[in-house]
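Novice: To be precise about what I am sending: the file is called input.cif and holds mmCIF, C-alpha atoms.
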data_coords
#
loop_
_atom_site.label_atom_id
_atom_site.label_comp_id
_atom_site.auth_asym_id
_atom_site.auth_seq_id
_atom_site.Cartn_x
_atom_site.Cartn_y
_atom_site.Cartn_z
CA MET C 116 102.42 121.69 111.34
CA ASN C 117 100.11 119.03 109.90
CA LEU C 118 98.13 118.87 113.12
CA ARG C 119 97.89 122.67 113.07
CA ARG C 120 96.51 122.60 109.54
CA ILE C 121 93.96 119.95 110.45
CA ALA C 122 92.84 121.94 113.48
CA ASP C 123 92.67 125.07 111.35
CA ALA C 124 90.59 123.28 108.69
CA PHE C 125 88.04 122.28 111.32
CA TYR C 126 87.96 125.76 112.89
CA LEU C 127 89.50 124.42 116.11
CA THR C 128 92.01 127.27 116.23
CA LEU C 129 89.25 129.88 116.48
CA PRO C 130 88.75 131.33 119.99
CA GLY C 131 85.93 130.18 122.26
CA ARG C 132 84.00 133.43 121.86
CA ALA C 133 83.78 132.80 118.10
CA TRP C 134 82.40 129.30 118.69
CA ALA C 135 79.91 130.60 121.25
CA TRP C 136 78.74 133.25 118.76
CA ALA C 137 78.44 130.67 115.99
CA THR C 138 76.45 128.31 118.23
CA TYR C 139 73.57 130.79 118.12
CA ASP C 140 73.27 130.04 114.41
CA PHE C 141 72.83 126.38 115.40
CA ALA C 142 69.95 127.40 117.67
CA ASN C 143 68.03 129.83 115.50
CA THR C 144 68.19 127.71 112.34
CA ILE C 145 66.19 125.07 114.22
CA PHE C 146 63.34 127.59 114.23
CA SER C 147 63.87 128.44 110.56
CA MET C 148 63.82 124.83 109.40
CA ASN C 149 61.06 123.44 111.61
CA VAL C 150 58.66 126.39 111.57
CA ILE C 151 59.27 128.44 108.43
CA THR C 152 60.34 125.72 105.98
CA MET C 153 58.97 122.39 107.13
CA TYR C 154 55.84 122.45 109.25
CA PHE C 155 54.01 125.77 109.53
CA ALA C 156 53.50 126.48 105.82
CA GLN C 157 52.32 122.92 105.16
CA TRP C 158 50.00 122.96 108.16
CA ILE C 159 48.39 126.24 107.05
CA ILE C 160 48.25 125.53 103.29
CA VAL C 161 47.95 121.75 103.00
CA ASP C 162 46.22 120.74 106.26
CA LEU C 163 43.99 123.77 106.97
CA GLY C 164 43.40 124.63 103.31
CA PHE C 165 44.47 128.30 103.34
CA GLU C 166 45.79 129.82 100.10
CA ASP C 167 49.56 130.31 99.62
CA ILE C 168 48.96 134.06 99.59
CA SER C 169 47.68 133.92 103.21
CA TYR C 170 51.00 132.60 104.42
CA SER C 171 52.81 135.05 102.13
CA ILE C 172 50.98 137.99 103.69
CA ALA C 173 51.69 136.91 107.29
CA TYR C 174 55.35 136.36 106.48
CA SER C 175 55.64 139.64 104.59
CA VAL C 176 53.90 141.69 107.30
CA SER C 177 56.44 140.45 109.84
CA MET C 178 59.24 141.40 107.46
CA ILE C 179 57.80 144.87 106.91
CA ALA C 180 57.75 145.34 110.69
CA VAL C 181 61.39 144.25 110.86
CA GLY C 182 62.32 146.64 108.07
CA LEU C 183 60.58 149.58 109.75
CA THR C 184 61.99 149.03 113.23
CA MET C 185 65.32 147.21 113.15
CA PRO C 186 67.53 149.87 111.53
CA ALA C 187 66.60 152.32 114.32
CA VAL C 188 66.85 149.68 117.03
CA GLY C 189 70.19 148.51 115.64
CA ALA C 190 71.56 152.07 115.76
CA MET C 191 70.37 152.43 119.37
CA ALA C 192 71.99 149.12 120.30
CA ASP C 193 75.25 150.34 118.79
CA ALA C 194 75.16 153.55 120.83
CA ARG C 195 74.15 151.85 124.07
CA LYS C 196 76.53 148.91 123.59
CA ASN C 197 73.75 146.50 124.53
CA ARG C 198 73.44 144.40 121.39
CA LEU C 199 73.82 141.20 123.39
CA ARG C 200 71.03 142.20 125.79
CA CYS C 201 68.75 143.05 122.87
CA LEU C 202 69.52 139.66 121.32
CA LEU C 203 68.40 137.97 124.55
CA VAL C 204 65.08 139.86 124.59
CA TYR C 205 64.32 139.03 120.96
CA THR C 206 65.26 135.38 121.43
CA VAL C 207 62.96 134.91 124.41
CA ALA C 208 60.10 136.65 122.58
CA CYS C 209 60.54 134.43 119.51
CA VAL C 210 60.48 131.33 121.68
CA ALA C 211 57.33 132.51 123.48
CA PHE C 212 55.37 133.09 120.26
CA THR C 213 56.61 129.82 118.75
CA ILE C 214 55.18 127.98 121.74
CA THR C 215 51.99 130.04 121.31
CA ILE C 216 51.57 128.63 117.77
CA GLY C 217 51.57 125.13 119.25
CA ASN C 218 49.01 126.12 121.88
CA VAL C 219 46.73 127.71 119.27
CA ALA C 220 46.92 124.56 117.14
CA SER C 221 45.66 122.45 120.05
CA VAL C 222 42.66 124.70 120.77
CA SER C 223 39.24 123.46 119.70
CA ALA C 224 38.01 126.24 117.39
CA PRO C 225 36.76 126.75 113.82
CA ILE C 226 39.52 126.25 111.26
CA MET C 227 39.26 129.84 110.03
CA TRP C 228 39.86 131.38 113.47
CA LYS C 229 42.52 128.86 114.38
CA GLY C 230 44.37 129.65 111.18
CA ILE C 231 44.12 133.42 111.67
CA LEU C 232 45.39 133.23 115.25
CA ALA C 233 48.20 130.90 114.23
CA LEU C 234 49.22 133.22 111.38
CA ALA C 235 49.30 136.16 113.82
CA ALA C 236 51.46 134.23 116.30
CA PHE C 237 53.73 133.12 113.47
CA ALA C 238 54.14 136.71 112.24
CA LEU C 239 55.21 137.80 115.74
CA ALA C 240 57.56 134.84 116.21
CA ASN C 241 59.14 135.50 112.83
CA TYR C 242 59.51 139.22 113.60
CA PHE C 243 61.55 138.50 116.73
CA TYR C 244 63.49 135.70 115.04
CA ILE C 245 64.56 137.88 112.10
CA GLY C 246 64.93 141.04 114.18
CA GLY C 247 67.30 139.32 116.58
CA GLN C 248 69.70 138.58 113.75
CA THR C 249 70.46 142.31 113.46
CA PHE C 250 72.17 142.20 116.87
CA TYR C 251 73.69 138.79 116.21
CA ASN C 252 75.27 139.82 112.89
CA ALA C 253 76.55 143.08 114.39
CA LEU C 254 78.57 141.08 116.95
CA LEU C 255 80.60 139.34 114.20
CA ARG C 256 83.53 141.76 114.22
CA ALA C 257 83.61 141.68 118.03
CA VAL C 258 84.24 137.92 118.15
CA ALA C 259 86.30 137.28 114.99
CA PRO C 260 90.14 137.37 115.09
CA PRO C 261 91.74 139.85 112.66
CA GLY C 262 91.44 138.71 109.05
CA GLN C 263 89.06 135.84 109.84
CA THR C 264 85.55 137.29 109.64
CA GLY C 265 84.84 135.05 106.65
CA ARG C 266 85.84 131.92 108.55
CA VAL C 267 83.86 132.84 111.66
CA SER C 268 80.84 133.73 109.52
CA GLY C 269 81.24 130.41 107.71
CA LEU C 270 81.47 128.54 111.01
CA GLY C 271 78.21 130.13 112.15
CA THR C 272 76.46 129.27 108.89
CA ALA C 273 77.77 125.69 108.99
CA LEU C 274 76.66 125.17 112.59
CA GLY C 275 73.32 126.69 111.65
CA TYR C 276 72.70 123.98 109.10
CA VAL C 277 73.86 121.30 111.49
CA GLY C 278 71.20 122.76 113.79
CA ALA C 279 68.62 122.45 111.03
CA ILE C 280 69.33 118.72 110.71
CA ALA C 281 69.36 118.26 114.48
CA GLY C 282 66.10 120.17 114.79
CA LEU C 283 64.34 117.98 112.23
CA LEU C 284 65.50 114.81 113.97
CA LEU C 285 64.76 116.03 117.52
CA VAL C 286 61.23 117.15 116.63
CA TRP C 287 60.28 114.14 114.47
CA PRO C 288 59.28 111.91 117.45
CA PHE C 289 56.86 114.64 118.62
CA VAL C 290 55.34 114.98 115.13
CA GLN C 291 54.88 111.22 114.95
CA GLY C 292 53.12 111.16 118.33
CA TRP C 293 55.76 108.95 119.90
CA VAL C 294 56.20 111.30 122.88
CA PRO C 295 53.51 111.12 125.59
CA GLY C 296 51.27 114.18 125.61
CA PHE C 297 51.76 114.95 121.90
CA VAL C 298 49.38 113.82 119.16
CA LYS C 299 50.58 112.86 115.70
CA GLY C 300 50.63 115.82 113.33
CA ARG C 301 52.59 118.84 112.13
CA PRO C 302 51.40 121.18 114.94
CA SER C 303 53.24 119.03 117.49
CA ALA C 304 56.53 120.42 116.11
CA PHE C 305 56.07 123.96 117.40
CA ILE C 306 56.39 123.72 121.20
CA PRO C 307 59.48 121.44 121.12
CA THR C 308 61.07 123.73 118.54
CA GLY C 309 60.69 126.73 120.84
CA VAL C 310 62.20 124.89 123.79
CA ILE C 311 65.13 123.53 121.75
CA PHE C 312 65.83 126.99 120.29
CA LEU C 313 66.02 128.48 123.78
CA ALA C 314 68.24 125.72 125.15
CA PHE C 315 70.87 125.94 122.42
CA SER C 316 71.00 129.74 122.42
CA VAL C 317 72.46 129.82 125.95
CA PRO C 318 76.21 129.70 125.02
CA VAL C 319 76.21 133.06 123.24
CA PHE C 320 74.84 134.78 126.35
CA ILE C 321 77.37 133.13 128.65
CA TRP C 322 80.65 133.35 126.72
CA VAL C 323 80.29 136.36 124.40
CA LYS C 324 81.07 139.63 126.14
CA GLU C 325 80.37 143.13 124.88
CA SER C 326 82.40 146.08 126.07
CA ALA C 327 80.36 148.95 127.54
CA LEU C 328 83.11 151.50 126.91
CA GLY C 329 81.75 154.55 125.12
CA ALA C 330 78.12 153.60 125.71
CA GLU C 331 75.62 156.44 125.26
CA ARG C 332 72.00 156.72 126.34
CA ARG C 333 70.01 157.35 123.19
CA SER C 334 66.26 157.58 122.55
CA ALA C 335 64.12 155.94 119.90
CA TRP C 336 63.83 159.29 118.11
CA TRP C 337 67.60 159.51 118.00
CA GLY C 338 67.69 156.01 116.53
CA LEU C 339 65.13 156.91 113.86
CA ASN C 340 67.05 160.05 112.93
CA LYS C 341 70.22 157.97 112.82
CA VAL C 342 68.57 155.65 110.30
CA VAL C 343 67.55 158.57 108.11
CA GLN C 344 71.09 159.91 108.22
CA THR C 345 72.47 156.43 107.50
CA LEU C 346 70.21 156.12 104.46
CA LYS C 347 71.43 159.49 103.24
CA ARG C 348 75.03 158.44 103.75
CA ALA C 349 74.38 155.17 101.98
CA ARG C 350 73.05 157.10 99.00
CA ARG C 351 76.26 159.15 99.00
CA ARG C 352 78.31 155.93 99.17
CA PRO C 353 77.40 154.26 95.87
CA ASP C 354 79.12 150.96 96.60
CA VAL C 355 77.27 150.48 99.88
CA PHE C 356 73.99 151.47 98.24
CA LYS C 357 74.55 149.09 95.31
CA PHE C 358 75.42 146.31 97.75
CA LEU C 359 72.09 146.84 99.52
CA VAL C 360 70.19 146.79 96.21
CA GLY C 361 72.03 143.65 95.15
CA ASN C 362 71.26 142.07 98.50
CA VAL C 363 67.54 142.60 97.91
CA LEU C 364 67.78 140.82 94.55
CA LEU C 365 69.92 138.03 96.02
CA GLN C 366 67.90 137.38 99.15
CA ASP C 367 64.45 137.72 97.54
CA PRO C 368 64.56 134.28 95.86
CA VAL C 369 66.45 132.75 98.79
CA ALA C 370 63.77 133.79 101.29
CA THR C 371 61.06 132.51 98.95
CA ALA C 372 62.78 129.14 98.52
CA ILE C 373 63.06 128.72 102.27
CA VAL C 374 59.40 129.53 102.81
CA PHE C 375 57.86 127.42 100.03
CA MET C 376 60.30 124.55 99.39
CA ALA C 377 58.25 122.01 101.37
CA VAL C 378 55.00 123.08 99.69
CA TYR C 379 56.65 122.80 96.25
CA ALA C 380 57.86 119.28 97.03
CA ASN C 381 54.38 118.30 98.21
CA VAL C 382 52.42 119.72 95.26
CA VAL C 383 54.77 119.12 92.34
CA PHE C 384 56.29 115.78 93.35
CA GLY C 385 53.74 114.50 95.87
CA MET C 386 56.38 113.99 98.55
CA PRO C 387 55.07 113.13 102.05
CA ASP C 388 56.83 114.48 105.14
CA ALA C 389 58.64 111.16 105.63
CA ALA C 390 60.31 111.72 102.24
CA LYS C 391 60.93 115.43 102.77
CA ILE C 392 62.93 114.84 105.95
CA PRO C 393 65.72 112.92 104.12
CA LEU C 394 65.63 115.50 101.31
CA PHE C 395 66.08 118.38 103.73
CA ILE C 396 68.79 116.52 105.64
CA VAL C 397 70.71 115.96 102.40
CA ALA C 398 70.20 119.59 101.33
CA THR C 399 71.25 120.82 104.76
CA THR C 400 74.32 118.57 104.76
CA PHE C 401 75.36 120.25 101.52
CA ALA C 402 74.65 123.61 103.20
CA VAL C 403 77.02 122.71 106.04
CA ALA C 404 79.72 121.73 103.56
CA GLY C 405 79.00 124.80 101.46
CA ALA C 406 79.25 127.12 104.45
CA ALA C 407 82.50 125.53 105.62
CA VAL C 408 84.07 125.86 102.17
CA ALA C 409 82.58 129.35 101.69
CA GLY C 410 84.44 130.67 104.72
CA PHE C 411 87.80 129.78 103.19
CA VAL C 412 86.73 130.87 99.70
CA THR C 413 85.53 134.22 101.02
CA ASP C 414 88.80 134.92 102.79
CA ARG C 415 90.83 133.83 99.73
CA TRP C 416 88.78 135.25 96.82
CA GLY C 417 87.27 138.13 98.73
CA PRO C 418 83.59 138.49 99.62
CA ARG C 419 82.70 140.38 96.41
CA LYS C 420 83.74 137.65 93.96
CA THR C 421 82.25 134.98 96.20
CA THR C 422 78.90 136.78 96.38
CA ILE C 423 78.75 137.24 92.59
CA ALA C 424 79.44 133.54 92.08
CA THR C 425 76.78 132.71 94.67
CA ALA C 426 74.10 134.68 92.81
CA ALA C 427 75.00 133.01 89.51
CA GLY C 428 74.86 129.60 91.18
CA TRP C 429 71.40 130.34 92.56
CA ALA C 430 70.13 131.29 89.09
CA ALA C 431 71.29 127.97 87.63
CA THR C 432 69.77 126.08 90.56
CA PHE C 433 66.32 127.64 90.13
CA VAL C 434 66.33 126.87 86.40
CA LEU C 435 67.11 123.22 87.20
CA ILE C 436 64.35 122.97 89.81
CA ALA C 437 61.74 124.61 87.56
CA ALA C 438 62.57 122.22 84.71
CA ALA C 439 62.96 119.07 86.84
CA ASN C 440 60.51 116.39 85.71
CA ARG C 441 61.90 113.54 87.80
CA PRO C 442 62.44 113.30 91.56
CA VAL C 443 66.16 112.64 91.12
CA LEU C 444 66.58 116.03 89.42
CA PHE C 445 64.68 117.68 92.25
CA TRP C 446 67.02 115.99 94.73
CA ILE C 447 70.00 117.39 92.82
CA GLY C 448 68.35 120.82 92.83
CA GLY C 449 67.71 120.53 96.56
CA SER C 450 71.36 119.71 97.16
CA LEU C 451 72.41 122.77 95.15
CA VAL C 452 69.99 124.87 97.22
CA GLY C 453 71.91 123.68 100.27
CA VAL C 454 75.23 124.75 98.76
CA GLY C 455 73.74 128.14 97.87
CA LEU C 456 72.42 128.65 101.38
CA GLY C 457 75.85 127.83 102.76
CA PHE C 458 77.50 130.48 100.61
CA THR C 459 74.89 133.26 100.76
CA TRP C 460 75.24 134.62 104.29
CA THR C 461 78.83 133.47 104.70
CA ALA C 462 79.97 135.80 101.91
CA ALA C 463 77.43 138.62 102.25
CA ARG C 464 78.16 139.52 105.88
CA PRO C 465 81.92 140.03 105.36
CA PHE C 466 81.13 141.83 102.06
CA LEU C 467 79.19 144.51 103.90
CA ALA C 468 81.67 144.54 106.81
CA SER C 469 84.44 145.35 104.31
CA LEU C 470 82.53 148.35 102.95
CA VAL C 471 81.87 150.16 106.25
CA GLY C 472 83.91 151.16 109.29
CA GLU C 473 84.11 149.35 112.62
CA HIS C 474 82.01 152.00 114.41
CA GLU C 475 79.25 151.68 111.77
CA GLN C 476 78.75 147.91 111.92
CA GLY C 477 75.45 147.79 113.82
CA GLU C 478 74.12 150.80 111.96
CA PHE C 479 74.77 149.43 108.49
CA PHE C 480 73.87 145.88 109.46
CA GLY C 481 70.52 147.44 110.37
CA LEU C 482 70.23 148.56 106.74
CA TYR C 483 71.43 145.11 105.66
CA SER C 484 68.59 143.69 107.71
CA LEU C 485 66.24 146.20 106.09
CA SER C 486 67.30 145.21 102.57
CA SER C 487 66.96 141.53 103.44
CA ARG C 488 63.48 142.13 104.84
CA VAL C 489 62.39 144.07 101.77
CA ALA C 490 63.47 141.03 99.79
CA ALA C 491 61.54 138.73 102.11
CA VAL C 492 58.43 140.85 101.54
CA VAL C 493 58.61 140.96 97.75
CA GLY C 494 59.62 137.34 97.13
CA PRO C 495 56.86 135.48 98.97
CA LEU C 496 54.24 137.95 97.72
CA LEU C 497 55.48 137.46 94.14
CA TRP C 498 55.30 133.69 94.61
CA GLY C 499 51.82 133.85 96.16
CA THR C 500 50.55 136.16 93.41
CA ILE C 501 51.88 133.98 90.58
CA VAL C 502 50.42 130.85 92.12
CA TYR C 503 47.07 132.59 92.70
CA ILE C 504 46.79 134.09 89.20
CA ALA C 505 47.84 130.85 87.49
CA GLY C 506 45.50 128.82 89.68
CA ALA C 507 44.08 126.84 86.74
CA TRP C 508 47.54 125.42 86.04
CA PRO C 509 47.92 123.10 89.06
CA VAL C 510 51.59 122.13 88.80
CA GLY C 511 52.84 124.54 86.17
CA LYS C 512 52.06 127.57 88.33
CA TYR C 513 54.64 126.41 90.85
CA ARG C 514 57.26 125.83 88.16
CA LEU C 515 56.60 129.31 86.80
CA ALA C 516 57.03 130.78 90.27
CA VAL C 517 60.42 129.08 90.66
CA ALA C 518 61.58 130.20 87.20
CA SER C 519 60.84 133.84 88.11
CA LEU C 520 63.38 133.57 90.94
CA ALA C 521 66.24 132.80 88.51
CA VAL C 522 65.73 136.14 86.75
CA LEU C 523 66.18 138.02 90.03
CA GLU C 524 69.44 136.19 90.79
CA VAL C 525 70.91 137.10 87.40
CA ALA C 526 70.12 140.76 88.12
CA ALA C 527 71.78 140.42 91.56
CA ALA C 528 75.01 139.12 90.00
CA PHE C 529 75.21 142.13 87.69
CA VAL C 530 74.59 144.59 90.53
CA PHE C 531 77.25 143.03 92.77
CA ALA C 532 79.71 143.07 89.85
CA SER C 533 79.39 146.87 89.79
CA VAL C 534 80.44 147.21 93.45
CA LYS C 535 84.09 148.09 94.04
CA PRO C 536 85.67 145.65 96.51
CA GLY C 537 86.24 147.19 99.92
CA PRO C 538 89.51 147.06 101.83
CA ARG C 539 90.09 144.34 104.38
CA PRO C 540 90.55 146.46 107.51
CA ASP C 541 90.11 143.45 109.77
CA ALA C 542 93.39 142.07 108.52
CA SER C 543 95.20 144.43 110.84
CA ALA C 544 92.47 145.78 113.07
CA ALA C 545 92.23 144.86 116.69
CA VAL C 546 89.25 142.87 117.80
CA SER C 547 87.06 144.80 120.20
#
Represent the structure of the file as structure tokens.
Specialist:
Amino acid sequence: MNLRRIADAFYLTLPGRAWAWATYDFANTIFSMNVITMYFAQWIIVDLGFEDISYSIAYSVSMIAVGLTMPAVGAMADARKNRLRCLLVYTVACVAFTITIGNVASVSAPIMWKGILALAAFALANYFYIGGQTFYNALLRAVAPPGQTGRVSGLGTALGYVGAIAGLLLVWPFVQGWVPGFVKGRPSAFIPTGVIFLAFSVPVFIWVKESALGAERRSAWWGLNKVVQTLKRARRRPDVFKFLVGNVLLQDPVATAIVFMAVYANVVFGMPDAAKIPLFIVATTFAVAGAAVAGFVTDRWGPRKTTIATAAGWAATFVLIAAANRPVLFWIGGSLVGVGLGFTWTAARPFLASLVGEHEQGEFFGLYSLSSRVAAVVGPLLWGTIVYIAGAWPVGKYRLAVASLAVLEVAAAFVFASVKPGPRPDASAAVS
């Protein structure tokens, strides 16, 4: 019995398909950490001298594209039963454009044109990275044993943050110019990141299977109409609609923190990359622990209570970071960011899954993706606008931008508190 409990605590009793699914989180978080958080923003803003708002626009445009297309594509993937195939296409495309960023960086061209081309390649890479998560999330119920969606979601989130640490360490020798053929500098991170992402995404395509029973051939117009009908149904289902609104308020500050955390550390605390790496490793280690704990908490407390607590925790974290006047306080804030990241997606995915039926998973996860992308548009643009308007306040403008994120998280907690908890159908449902 004791050995069983130990194995259960370390997720070893979960089936292989759940581990293969979760391994994709390990792969795609390497892209998120190395490109979105660590190297691309700093290269564009600090090295090339572009304004924060330039990066905000490129990031937001990619998110708008995701929001406009993924609900319809997600509905089509549901009908055609080809979510796994769609995930493969989006993964390969993300890898290709990530490698393109590295190639653009090595081209001899004026800084302005190099930056514009790199921003365009980044927007495309980010579109396919984020868009692919619609299909990935929709596969959760297909791989999780009954009653354990929270644990499987937590396993994926935990492995994702392990991947973030691994990605930083694997790419560091390239950035330092220790690998033949690569010069020292942030742009040397992009090509290795693409290759590593592709390599570690292989397990999900080998071991996760998707049943083709009931597959239907549907057109893009059908998918678009399906989205319109889904939006109408969501409006008629107040708890689902409020969840989506709350998700915008929750994810808005989270997306912004991911995008600008490295820039904030550089400008406010003068931290070089060699100091940021340990900070991000510590924060990510807390994210791994947070995700692992969040899986059990979500299944015990329920996803609603866990999500409300997560939003409140984020608000407190942003207040601490905005007020931090010593590096040690920023390190504490960074660790709390890690815990918050570990809880956010672990609780939110089962929360939505509990509010909709099995046959609606891909469809409503498309709207979940849409709400998350709306958040990712508003947050970075809000940050970029505040920093631009308060340009005469060199450090204070960044603190003000962080403080604005806490207000959004408080609003998210209140919205989630108004959502009635859904049943737990997966406690007795068969896994497809």
Novice: List the neighbours of stretch 160-166 of chain C out to 12 Å using all atoms listed in the file; skip same-chain residues closer than 5 positions along the sequence, and give me the result as a ChimeraX atom specification.
Specialist: /C:153-155,171-173,220,225-231,233-234,300-302,374-375,377-382,385,387-388,496,498-500,502-504,506
Novice: Could the residues in this selection be written to a file with C-alpha atoms, as a compact mmCIF listing (two decimals), in the coordinates of the input?
Specialist:
# COMPACT_ATOMS: atom_id res chain seq x y z
CA MET C 153 58.97 122.39 107.13
CA TYR C 154 55.84 122.45 109.25
CA PHE C 155 54.01 125.77 109.53
CA SER C 171 52.81 135.05 102.13
CA ILE C 172 50.98 137.99 103.69
CA ALA C 173 51.69 136.91 107.29
CA ALA C 220 46.92 124.56 117.14
CA PRO C 225 36.76 126.75 113.82
CA ILE C 226 39.52 126.25 111.26
CA MET C 227 39.26 129.84 110.03
CA TRP C 228 39.86 131.38 113.47
CA LYS C 229 42.52 128.86 114.38
CA GLY C 230 44.37 129.65 111.18
CA ILE C 231 44.12 133.42 111.67
CA ALA C 233 48.20 130.90 114.23
CA LEU C 234 49.22 133.22 111.38
CA GLY C 300 50.63 115.82 113.33
CA ARG C 301 52.59 118.84 112.13
CA PRO C 302 51.40 121.18 114.94
CA VAL C 374 59.40 129.53 102.81
CA PHE C 375 57.86 127.42 100.03
CA ALA C 377 58.25 122.01 101.37
CA VAL C 378 55.00 123.08 99.69
CA TYR C 379 56.65 122.80 96.25
CA ALA C 380 57.86 119.28 97.03
CA ASN C 381 54.38 118.30 98.21
CA VAL C 382 52.42 119.72 95.26
CA GLY C 385 53.74 114.50 95.87
CA PRO C 387 55.07 113.13 102.05
CA ASP C 388 56.83 114.48 105.14
CA LEU C 496 54.24 137.95 97.72
CA TRP C 498 55.30 133.69 94.61
CA GLY C 499 51.82 133.85 96.16
CA THR C 500 50.55 136.16 93.41
CA VAL C 502 50.42 130.85 92.12
CA TYR C 503 47.07 132.59 92.70
CA ILE C 504 46.79 134.09 89.20
CA GLY C 506 45.50 128.82 89.68
Novice: Apply the PyMOL selection byres ((chain C and resi 209-217) around 6) to the structure shown and report the selected residues as an mmCIF file with C-alpha atoms, keeping the file's coordinate frame.
Specialist:
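This went into part_25.cif:
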data_model
loop_
_atom_site.group_PDB
_atom_site.id
_atom_site.type_symbol
_atom_site.label_atom_id
_atom_site.label_comp_id
_atom_site.auth_asym_id
_atom_site.auth_seq_id
_atom_site.Cartn_x
_atom_site.Cartn_y
_atom_site.Cartn_z
ATOM 1 C CA THR C 206 65.260 135.380 121.430
ATOM 2 C CA VAL C 207 62.960 134.910 124.410
ATOM 3 C CA ALA C 208 60.100 136.650 122.580
ATOM 4 C CA ASN C 218 49.010 126.120 121.880
ATOM 5 C CA VAL C 219 46.730 127.710 119.270
ATOM 6 C CA ALA C 220 46.920 124.560 117.140
ATOM 7 C CA ALA C 233 48.200 130.900 114.230
ATOM 8 C CA ALA C 236 51.460 134.230 116.300
ATOM 9 C CA ALA C 240 57.560 134.840 116.210
ATOM 10 C CA PHE C 243 61.550 138.500 116.730
ATOM 11 C CA TYR C 244 63.490 135.700 115.040
ATOM 12 C CA PRO C 302 51.400 121.180 114.940
ATOM 13 C CA PHE C 305 56.070 123.960 117.400
ATOM 14 C CA ILE C 306 56.390 123.720 121.200
ATOM 15 C CA GLY C 309 60.690 126.730 120.840
#
Novice: Given the choices C:Pro442, C:Gly265, C:Gly275, C:Gly453, which gets closest to C:Ser469 if the distance is worked out from all atoms listed in the file?
Specialist: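 Under the stated criterion, the closest residue is C:Gly265.
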Novice: Once the PyMOL selection byres ((chain C and resi 133) around 12) is applied to the coordinates I shared, what remains selected? I want it as a ChimeraX atom specification.
Specialist: /C:126-132,134-140,251,254-261,263-271,274,318-319,322-324,546
Novice: Using all atoms listed in the file, pick whichever of C:Val222, C:Ala279, C:Met185, C:Met191 has the shortest atom-to-atom distance to C:Ile396.
Specialist: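 Comparing C:Val222, C:Ala279, C:Met185, C:Met191 against C:Ile396, the winner is C:Ala279.
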Novice: With distances taken over all atoms listed in the file, which of C:Ala372, C:Lys420, C:Gly246, C:Val517 is nearest to C:Ala439?
Specialist: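 Of C:Ala372, C:Lys420, C:Gly246, C:Val517, the one nearest C:Ala439 is C:Val517, counting all atoms listed in the file.
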Novice: Considering all atoms listed in the file, can you say which of C:Ser519, C:Arg464, C:Ser533, C:Pro495 comes closest to C:Phe480?
Specialist: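 That would be C:Arg464, the residue with the smallest distance to C:Phe480.
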Novice: Could you state which residues are captured by the PyMOL selection byres ((chain C and resi 199) around 10) in this file, as JSON, numbers by chain?
Specialist: {"C": [192, 196, 197, 198, 200, 201, 202, 203, 204, 247, 250, 251, 253, 254, 319, 320, 323, 324, 325]}
Novice: Using only C-alpha atoms, find the one residue out of C:Trp337, C:Leu444, C:Gly494, C:Ser484 that sits nearest to C:Arg195.
Specialist: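 Looking at the shortest contact to C:Arg195, the residue is C:Trp337.
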Novice: For C:Thr308, work out the shell of residues within 7 Å, counting all atoms listed in the file and skipping chain neighbours fewer than 5 positions away, then give it as a compact mmCIF listing (two decimals) with C-alpha atoms, in the coordinates of the input.
Specialist:
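Done, and the output landed in part.txt:
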# COMPACT_ATOMS: atom_id res chain seq x y z
CA ILE C 145 66.19 125.07 114.22
CA PHE C 146 63.34 127.59 114.23
CA ASN C 149 61.06 123.44 111.61
CA VAL C 286 61.23 117.15 116.63
Novice: Can I get N, CA and C atoms for stretch 424-432 of chain C, as a compact mmCIF listing (two decimals), in the first residue's frame?
Specialist:
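Written output follows (out-v2.txt):
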# COMPACT_ATOMS: atom_id res chain seq x y z
N ALA C 424 -8.66 30.75 -5.95
CA ALA C 424 -7.48 30.94 -5.12
C ALA C 424 -6.27 31.33 -5.97
N THR C 425 -6.19 30.76 -7.17
CA THR C 425 -5.08 31.08 -8.07
C THR C 425 -5.09 32.55 -8.46
N ALA C 426 -6.27 33.07 -8.81
CA ALA C 426 -6.38 34.49 -9.19
C ALA C 426 -5.99 35.40 -8.03
N ALA C 427 -6.45 35.07 -6.83
CA ALA C 427 -6.10 35.88 -5.66
C ALA C 427 -4.59 35.84 -5.40
N GLY C 428 -4.00 34.67 -5.57
CA GLY C 428 -2.55 34.55 -5.39
C GLY C 428 -1.77 35.38 -6.39
N TRP C 429 -2.24 35.40 -7.63
CA TRP C 429 -1.59 36.22 -8.66
C TRP C 429 -1.64 37.70 -8.27
N ALA C 430 -2.79 38.17 -7.77
CA ALA C 430 -2.92 39.58 -7.40
C ALA C 430 -1.88 39.96 -6.35
N ALA C 431 -1.74 39.13 -5.33
CA ALA C 431 -0.77 39.40 -4.27
C ALA C 431 0.66 39.39 -4.82
N THR C 432 0.92 38.47 -5.74
CA THR C 432 2.26 38.36 -6.33
C THR C 432 2.63 39.62 -7.10
